[in-house]
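In what follows, a single structure is set out as structure tokens and then discussed.
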Amino acid sequence: MPRNALALLALVAGPVTAEPAGCRDLVAAFEGLTGYRVSAPPAGPENGWCVLDRAMLKAEGAPDLAAERLRLRGETAEGALVLVALEAGGVRVAPGLGQREMDPVLREMLRLQTAEVAATATVGPEGLALRVARLRLSGGTELVVEADVAGAALSSGALLVGRLTSARIDWRNDGKLTRLALEAAGARLEPGADGPAAIDAARAGMRAVLDAVPETAVGEAGREELVQLIDALPQGRGRLVVELRSDSGIGAADLGLAALAKEPWGPKALGRLFAGVVVTVDWTPGLAP
């Protein structure tokens, strides 16, 4: 039986004494979950954290990253990770030969940005709980995610068999990055389009997807909130909060079936994907100080 399953069974049976995880195990877990290889100057634990400051992170097919501050902390039970926390600051796209193949839109979006990241994930009898995963860019954009994934544990394989039962996404948009993203998306939807034409194509695509989402999932009020957001783009300064609930959960197999459908973004595919899902939406224009 996998170690993660043993840990979950032990947690169900009764209290388990958790022990601090070593740096080697934490780095291995981070690399397994993210696909990034970590290279950092030698350092030891500090106040319970594994110190990986001035780290370089590389992954195949992804931009190289540099982190001025990177620290990991975790706990194990029955030999498996049951808690992992991350703090990172001064994260930026690292210059180098490997970045020549980076998407030019992504390069321009991130060129002058640095990021701060913090996240904590725990494993219990119900599965994995992600609490306050926060990404804050120096330009002002901020994303906070919380989620519960039934049947999942802290490994890439265990995540694939889990089912998302609840999520909360809180996005504060500073209005500085969305124009480039919309132009890139619109150019893919309508080859040859650029500038305002590409933005119009992207907005039309988002409206079409929204129209395909079942009314039972998002509701009339939520649909109106999302329409207001789409109409406000590409600036769209404001705060979007989306909450999702599903008793049965959404798994990787459900996403795969939707992706393989004849019309992945059509009413039939999205109707199956959002069956039994309830989504609430709150869009507030303007950024609070």
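For the structure tokens, the naming scheme is as follows: chains receive sequential letters (A, B, ...) according to their order of presentation, residues are indexed from 1 within each chain, and ligands are indexed from 1 in presentation order.
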message: Among stretch 21-252 of chain A, which residues does DSSP mark as alpha helix (DSSP H) when it is run on the backbone? Keep the chain and numbering as in the structure and answer as a VMD selection string.
response: chain A and resid 23 to 34 104 to 110 156 to 160 178 to 189 195 to 212 215 to 232 252
Spatial neighbours of A:Glu116, 12 Å, only C-alpha atoms, chain gap at least 5 places, as a compact mmCIF listing (two decimals) with N, CA and C atoms, in the first residue's frame:
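Dumped to around_12.txt:
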# COMPACT_ATOMS: atom_id res chain seq x y z
N ALA A 66 14.14 32.68 -10.75
CA ALA A 66 15.11 32.95 -9.69
C ALA A 66 14.34 33.48 -8.48
N ALA A 67 14.69 32.99 -7.29
CA ALA A 67 14.01 33.41 -6.07
C ALA A 67 15.04 33.93 -5.08
N GLU A 68 14.89 35.19 -4.69
CA GLU A 68 15.79 35.72 -3.67
C GLU A 68 15.58 35.00 -2.35
N ARG A 69 14.32 34.64 -2.05
CA ARG A 69 14.00 33.95 -0.81
C ARG A 69 13.08 32.78 -1.13
N LEU A 70 13.49 31.57 -0.70
CA LEU A 70 12.65 30.39 -0.87
C LEU A 70 12.82 29.51 0.35
N ARG A 71 11.71 29.25 1.03
CA ARG A 71 11.77 28.46 2.26
C ARG A 71 10.62 27.47 2.29
N LEU A 86 5.15 26.82 2.03
CA LEU A 86 6.14 27.47 1.18
C LEU A 86 6.05 28.97 1.37
N GLU A 87 7.19 29.62 1.42
CA GLU A 87 7.28 31.07 1.38
C GLU A 87 8.37 31.45 0.39
N ALA A 88 8.05 32.35 -0.53
CA ALA A 88 9.04 32.77 -1.52
C ALA A 88 8.85 34.25 -1.80
N GLY A 89 9.96 34.94 -2.01
CA GLY A 89 9.92 36.36 -2.32
C GLY A 89 10.98 36.73 -3.34
N GLY A 90 10.77 37.84 -4.02
CA GLY A 90 11.71 38.25 -5.04
C GLY A 90 11.80 37.26 -6.18
N VAL A 91 10.69 36.59 -6.49
CA VAL A 91 10.68 35.60 -7.57
C VAL A 91 10.51 36.32 -8.91
N ARG A 92 11.36 35.99 -9.86
CA ARG A 92 11.29 36.64 -11.16
C ARG A 92 11.73 35.66 -12.23
N ALA A 133 -3.22 29.93 -0.58
CA ALA A 133 -2.15 29.97 -1.58
C ALA A 133 -2.20 31.35 -2.22
N ARG A 134 -1.17 32.16 -1.98
CA ARG A 134 -1.21 33.56 -2.40
C ARG A 134 -0.08 33.87 -3.37
N LEU A 135 -0.45 34.52 -4.47
CA LEU A 135 0.53 35.04 -5.44
C LEU A 135 0.31 36.53 -5.56
N ARG A 136 1.35 37.30 -5.25
CA ARG A 136 1.25 38.76 -5.33
C ARG A 136 2.37 39.26 -6.24
N LEU A 137 1.99 39.96 -7.32
CA LEU A 137 2.97 40.55 -8.24
C LEU A 137 3.26 41.98 -7.83
N SER A 138 4.48 42.43 -8.14
CA SER A 138 4.90 43.76 -7.72
C SER A 138 4.05 44.85 -8.36
N GLY A 139 3.45 44.58 -9.51
CA GLY A 139 2.61 45.58 -10.17
C GLY A 139 1.28 45.80 -9.50
N GLY A 140 0.85 44.88 -8.64
CA GLY A 140 -0.40 45.06 -7.92
C GLY A 140 -1.38 43.92 -8.07
N THR A 141 -1.19 43.06 -9.08
CA THR A 141 -2.08 41.91 -9.24
C THR A 141 -1.88 40.93 -8.09
N GLU A 142 -2.98 40.38 -7.59
CA GLU A 142 -2.89 39.43 -6.48
C GLU A 142 -3.92 38.32 -6.68
N LEU A 143 -3.50 37.08 -6.42
CA LEU A 143 -4.38 35.93 -6.55
C LEU A 143 -4.28 35.09 -5.28
N VAL A 144 -5.43 34.80 -4.66
CA VAL A 144 -5.48 33.96 -3.47
C VAL A 144 -6.42 32.80 -3.75
Non-local contacts of stretch 238-240 of chain A (7 Å; only C-alpha atoms; under 3 positions in same chain excluded) as a ChimeraX atom specification: /A:170-174,282-287
Limited to all heavy atoms, could you put the picked residues into a file as a CSV table (one decimal), in the first residue's frame?
chain,number,residue,atom,x,y,z
A,170,ASP,N,-9.8,34.4,-5.3
A,170,ASP,CA,-9.9,35.8,-5.0
A,170,ASP,C,-8.9,36.5,-5.9
A,170,ASP,O,-7.7,36.4,-5.6
A,170,ASP,CB,-9.7,36.1,-3.5
A,170,ASP,CG,-10.0,37.5,-3.2
A,170,ASP,OD1,-10.0,38.4,-4.1
A,170,ASP,OD2,-10.2,37.8,-2.0
A,171,TRP,N,-9.3,37.2,-6.9
A,171,TRP,CA,-8.4,37.8,-7.9
A,171,TRP,C,-8.5,39.3,-7.8
A,171,TRP,O,-9.6,39.9,-8.1
A,171,TRP,CB,-8.7,37.3,-9.3
A,171,TRP,CG,-7.9,37.9,-10.4
A,171,TRP,CD1,-6.5,38.2,-10.4
A,171,TRP,CD2,-8.4,38.4,-11.6
A,171,TRP,NE1,-6.1,38.8,-11.6
A,171,TRP,CE2,-7.3,38.9,-12.3
A,171,TRP,CE3,-9.6,38.4,-12.2
A,171,TRP,CZ2,-7.4,39.5,-13.6
A,171,TRP,CZ3,-9.7,38.9,-13.5
A,171,TRP,CH2,-8.6,39.4,-14.2
A,172,ARG,N,-7.4,40.0,-7.5
A,172,ARG,CA,-7.4,41.5,-7.6
A,172,ARG,C,-6.6,41.9,-8.8
A,172,ARG,O,-5.4,41.6,-8.9
A,172,ARG,CB,-6.7,42.1,-6.3
A,172,ARG,CG,-7.6,41.8,-5.0
A,172,ARG,CD,-6.8,42.3,-3.8
A,172,ARG,NE,-7.6,42.0,-2.6
A,172,ARG,CZ,-8.3,42.9,-2.0
A,172,ARG,NH1,-8.5,44.1,-2.5
A,172,ARG,NH2,-9.0,42.6,-0.9
A,173,ASN,N,-7.3,42.5,-9.7
A,173,ASN,CA,-6.7,42.8,-11.0
A,173,ASN,C,-6.3,44.3,-11.1
A,173,ASN,O,-7.2,45.2,-10.9
A,173,ASN,CB,-7.7,42.5,-12.1
A,173,ASN,CG,-7.1,42.9,-13.5
A,173,ASN,OD1,-5.9,42.9,-13.7
A,173,ASN,ND2,-8.0,43.3,-14.4
A,174,ASP,N,-5.0,44.6,-11.3
A,174,ASP,CA,-4.6,46.0,-11.3
A,174,ASP,C,-4.8,46.6,-12.7
A,174,ASP,O,-4.5,47.8,-12.9
A,174,ASP,CB,-3.1,46.1,-10.9
A,174,ASP,CG,-2.2,45.3,-11.9
A,174,ASP,OD1,-2.7,44.7,-12.8
A,174,ASP,OD2,-0.9,45.4,-11.7
A,282,ASP,N,-18.7,37.1,-7.4
A,282,ASP,CA,-18.9,38.5,-6.9
A,282,ASP,C,-17.8,39.4,-7.6
A,282,ASP,O,-16.6,39.1,-7.4
A,282,ASP,CB,-18.7,38.6,-5.4
A,282,ASP,CG,-18.9,40.0,-4.9
A,282,ASP,OD1,-19.6,40.8,-5.5
A,282,ASP,OD2,-18.3,40.3,-3.8
A,283,TRP,N,-18.2,40.3,-8.4
A,283,TRP,CA,-17.2,41.2,-9.1
A,283,TRP,C,-17.4,42.6,-8.6
A,283,TRP,O,-18.5,43.2,-8.6
A,283,TRP,CB,-17.5,41.2,-10.6
A,283,TRP,CG,-16.9,42.3,-11.4
A,283,TRP,CD1,-17.5,43.3,-12.1
A,283,TRP,CD2,-15.5,42.6,-11.6
A,283,TRP,NE1,-16.6,44.2,-12.6
A,283,TRP,CE2,-15.4,43.7,-12.3
A,283,TRP,CE3,-14.3,41.9,-11.1
A,283,TRP,CZ2,-14.1,44.3,-12.7
A,283,TRP,CZ3,-13.1,42.5,-11.5
A,283,TRP,CH2,-13.0,43.6,-12.3
A,284,THR,N,-16.4,43.2,-8.1
A,284,THR,CA,-16.4,44.6,-7.6
A,284,THR,C,-15.4,45.4,-8.4
A,284,THR,O,-14.2,45.3,-8.3
A,284,THR,CB,-16.0,44.6,-6.1
A,284,THR,OG1,-16.8,43.7,-5.4
A,284,THR,CG2,-16.2,46.0,-5.6
A,285,PRO,N,-15.9,46.4,-9.2
A,285,PRO,CA,-15.0,47.2,-10.0
A,285,PRO,C,-14.2,48.2,-9.1
A,285,PRO,O,-14.7,48.6,-8.1
A,285,PRO,CB,-16.0,48.0,-10.9
A,285,PRO,CG,-17.3,47.3,-10.9
A,285,PRO,CD,-17.3,46.6,-9.6
A,286,GLY,N,-13.0,48.5,-9.6
A,286,GLY,CA,-12.2,49.4,-8.8
A,286,GLY,C,-11.4,48.7,-7.8
A,286,GLY,O,-11.9,47.8,-7.1
A,287,LEU,N,-10.2,49.1,-7.5
A,287,LEU,CA,-9.3,48.5,-6.5
A,287,LEU,C,-9.4,49.3,-5.3
A,287,LEU,O,-9.1,50.5,-5.2
A,287,LEU,CB,-7.8,48.4,-7.0
A,287,LEU,CG,-7.6,47.4,-8.2
A,287,LEU,CD1,-6.1,47.5,-8.6
A,287,LEU,CD2,-7.9,46.0,-7.7
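You can rank A:Ala217, A:Leu72, A:Val278, A:Val145 by their closest distance to A:Glu46 using only C-alpha atoms, and at the top of that list sits A:Leu72.
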query: Using only C-alpha atoms, which residues sit within 10 Å of stretch 245-261 of chain A once same-chain residues fewer than 3 positions away are excluded, as a PyMOL selection string?
result: chain A and resi 147-150+159-168+217+264-266+268-280
Saved selection, atoms kept: N, CA and C atoms, as an mmCIF file, in the first residue's frame:
data_model
loop_
_atom_site.group_PDB
_atom_site.id
_atom_site.type_symbol
_atom_site.label_atom_id
_atom_site.label_comp_id
_atom_site.auth_asym_id
_atom_site.auth_seq_id
_atom_site.Cartn_x
_atom_site.Cartn_y
_atom_site.Cartn_z
ATOM 1 N N ALA A 147 -8.652 25.586 -1.529
ATOM 2 C CA ALA A 147 -9.334 24.470 -2.182
ATOM 3 C C ALA A 147 -9.292 23.234 -1.302
ATOM 4 N N ASP A 148 -10.277 22.353 -1.503
ATOM 5 C CA ASP A 148 -10.317 21.030 -0.879
ATOM 6 C C ASP A 148 -10.379 19.996 -1.992
ATOM 7 N N VAL A 149 -9.473 19.005 -1.932
ATOM 8 C CA VAL A 149 -9.398 17.971 -2.964
ATOM 9 C C VAL A 149 -9.552 16.620 -2.277
ATOM 10 N N ALA A 150 -10.727 16.025 -2.400
ATOM 11 C CA ALA A 150 -11.011 14.755 -1.741
ATOM 12 C C ALA A 150 -10.162 13.638 -2.333
ATOM 13 N N LEU A 159 -2.475 13.615 -6.428
ATOM 14 C CA LEU A 159 -3.312 14.755 -6.820
ATOM 15 C C LEU A 159 -4.189 14.403 -8.014
ATOM 16 N N LEU A 160 -3.665 13.586 -8.928
ATOM 17 C CA LEU A 160 -4.411 13.244 -10.145
ATOM 18 C C LEU A 160 -5.656 12.415 -9.848
ATOM 19 N N VAL A 161 -5.637 11.643 -8.755
ATOM 20 C CA VAL A 161 -6.798 10.820 -8.435
ATOM 21 C C VAL A 161 -7.777 11.549 -7.526
ATOM 22 N N GLY A 162 -7.417 12.754 -7.072
ATOM 23 C CA GLY A 162 -8.297 13.515 -6.198
ATOM 24 C C GLY A 162 -9.426 14.182 -6.968
ATOM 25 N N ARG A 163 -10.422 14.659 -6.215
ATOM 26 C CA ARG A 163 -11.570 15.331 -6.824
ATOM 27 C C ARG A 163 -11.796 16.644 -6.087
ATOM 28 N N LEU A 164 -11.828 17.720 -6.849
ATOM 29 C CA LEU A 164 -12.019 19.055 -6.293
ATOM 30 C C LEU A 164 -13.468 19.197 -5.820
ATOM 31 N N THR A 165 -13.655 19.409 -4.517
ATOM 32 C CA THR A 165 -15.010 19.536 -3.971
ATOM 33 C C THR A 165 -15.351 20.971 -3.589
ATOM 34 N N SER A 166 -14.358 21.791 -3.338
ATOM 35 C CA SER A 166 -14.628 23.196 -3.056
ATOM 36 C C SER A 166 -13.399 24.021 -3.394
ATOM 37 N N ALA A 167 -13.649 25.263 -3.798
ATOM 38 C CA ALA A 167 -12.558 26.174 -4.126
ATOM 39 C C ALA A 167 -13.042 27.604 -3.963
ATOM 40 N N ARG A 168 -12.124 28.458 -3.588
ATOM 41 C CA ARG A 168 -12.396 29.893 -3.519
ATOM 42 C C ARG A 168 -11.237 30.620 -4.180
ATOM 43 N N ALA A 217 -25.484 25.954 -12.755
ATOM 44 C CA ALA A 217 -24.179 26.049 -12.109
ATOM 45 C C ALA A 217 -23.862 27.470 -11.662
ATOM 46 N N PRO A 264 -15.023 21.139 -26.878
ATOM 47 C CA PRO A 264 -14.650 21.165 -25.461
ATOM 48 C C PRO A 264 -15.292 22.310 -24.679
ATOM 49 N N TRP A 265 -15.548 23.430 -25.350
ATOM 50 C CA TRP A 265 -16.137 24.588 -24.671
ATOM 51 C C TRP A 265 -17.617 24.748 -25.008
ATOM 52 N N GLY A 266 -18.219 23.698 -25.555
ATOM 53 C CA GLY A 266 -19.625 23.761 -25.919
ATOM 54 C C GLY A 266 -20.551 23.384 -24.767
ATOM 55 N N LYS A 268 -22.666 20.922 -24.310
ATOM 56 C CA LYS A 268 -22.725 19.515 -23.926
ATOM 57 C C LYS A 268 -21.561 19.151 -23.013
ATOM 58 N N ALA A 269 -20.338 19.516 -23.406
ATOM 59 C CA ALA A 269 -19.158 19.183 -22.602
ATOM 60 C C ALA A 269 -19.177 19.907 -21.266
ATOM 61 N N LEU A 270 -19.497 21.186 -21.283
ATOM 62 C CA LEU A 270 -19.520 21.944 -20.030
ATOM 63 C C LEU A 270 -20.704 21.541 -19.155
ATOM 64 N N GLY A 271 -21.806 21.076 -19.774
ATOM 65 C CA GLY A 271 -22.930 20.591 -18.993
ATOM 66 C C GLY A 271 -22.552 19.374 -18.172
ATOM 67 N N ARG A 272 -21.786 18.447 -18.780
ATOM 68 C CA ARG A 272 -21.313 17.275 -18.032
ATOM 69 C C ARG A 272 -20.313 17.674 -16.953
ATOM 70 N N LEU A 273 -19.387 18.589 -17.309
ATOM 71 C CA LEU A 273 -18.342 18.975 -16.367
ATOM 72 C C LEU A 273 -18.913 19.670 -15.136
ATOM 73 N N PHE A 274 -19.938 20.510 -15.331
ATOM 74 C CA PHE A 274 -20.495 21.293 -14.232
ATOM 75 C C PHE A 274 -21.752 20.662 -13.626
ATOM 76 N N ALA A 275 -22.023 19.396 -13.940
ATOM 77 C CA ALA A 275 -23.183 18.726 -13.347
ATOM 78 C C ALA A 275 -23.013 18.647 -11.828
ATOM 79 N N GLY A 276 -23.978 19.151 -11.091
ATOM 80 C CA GLY A 276 -23.910 19.121 -9.637
ATOM 81 C C GLY A 276 -22.999 20.167 -9.027
ATOM 82 N N VAL A 277 -22.452 21.069 -9.838
ATOM 83 C CA VAL A 277 -21.544 22.116 -9.354
ATOM 84 C C VAL A 277 -22.332 23.409 -9.147
ATOM 85 N N VAL A 278 -22.037 24.083 -8.049
ATOM 86 C CA VAL A 278 -22.644 25.382 -7.768
ATOM 87 C C VAL A 278 -21.526 26.423 -7.669
ATOM 88 N N VAL A 279 -21.639 27.487 -8.458
ATOM 89 C CA VAL A 279 -20.620 28.539 -8.496
ATOM 90 C C VAL A 279 -21.268 29.868 -8.119
ATOM 91 N N THR A 280 -20.648 30.582 -7.195
ATOM 92 C CA THR A 280 -21.085 31.937 -6.870
ATOM 93 C C THR A 280 -19.995 32.917 -7.288
#
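Between atom CA of A:Glu146 and atom CA of A:Glu75 the interatomic distance comes to 19.9 Å.
Look at A:Gly32: the protein and nucleic acid residues within 7 Å of it, using only C-alpha atoms and passing over chain neighbours fewer than 4 places away, are Ala28, Ser155 and Ser156 of chain A.
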message: Show me, as a PyMOL selection string, the residues that have an atom within 9 Å of A:Gly22 when counting only C-alpha atoms, minus same-chain residues fewer than 2 positions from it.
response: chain A and resi 20+24-27+45+50+73-75
Go ahead and write the selection's residues with C-alpha atoms as a compact mmCIF listing (two decimals), in the first residue's frame.
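The file below, part.txt, is the result:
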# COMPACT_ATOMS: atom_id res chain seq x y z
CA PRO A 20 9.29 17.78 11.10
CA ARG A 24 15.86 16.64 1.34
CA ASP A 25 12.31 15.29 1.55
CA LEU A 26 10.83 18.77 1.22
CA VAL A 27 12.86 19.61 -1.86
CA PRO A 45 17.13 24.63 8.65
CA CYS A 50 14.38 24.70 5.09
CA ARG A 73 8.51 23.63 5.98
CA GLY A 74 6.70 20.35 6.43
CA GLU A 75 5.58 17.50 8.66
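Separating atom CA of A:Gly35 from atom CA of A:Ala59 is a distance of 5.9 Å.
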task: Could you give me, as a ChimeraX atom specification, the residues within 9 Å of stretch 185-199 of chain A, counting only C-alpha atoms and dropping anything in the same chain fewer than 5 positions from it?
output: /A:179-180,204-205,233-234
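Taking atom CA of A:Cys23 and atom CA of A:Val132 as endpoints, the distance between them is 22.5 Å.
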Find the nearest atom pair between each residue of stretch 194-220 of chain A and stretch 224-228 of chain A for residues within 9 Å, count only C-alpha atoms, give distances in Å to one decimal, sort rows by chain and ascending number, and present the table as JSON lines.
{"residue": "A:Arg207", "atom": "CA", "partner": "A:Val227", "partner_atom": "CA", "distance": 7.4}
{"residue": "A:Leu210", "atom": "CA", "partner": "A:Leu226", "partner_atom": "CA", "distance": 8.1}
{"residue": "A:Gly219", "atom": "CA", "partner": "A:Glu224", "partner_atom": "CA", "distance": 8.7}
{"residue": "A:Glu220", "atom": "CA", "partner": "A:Glu224", "partner_atom": "CA", "distance": 6.3}
Which of stretch 27-221 of chain A fall in strand (DSSP E or B), as a PyMOL selection string: chain A and resi 37-39+45-46+49-51+55-58+65-77+80-93+115-124+127-137+142-150+163-173
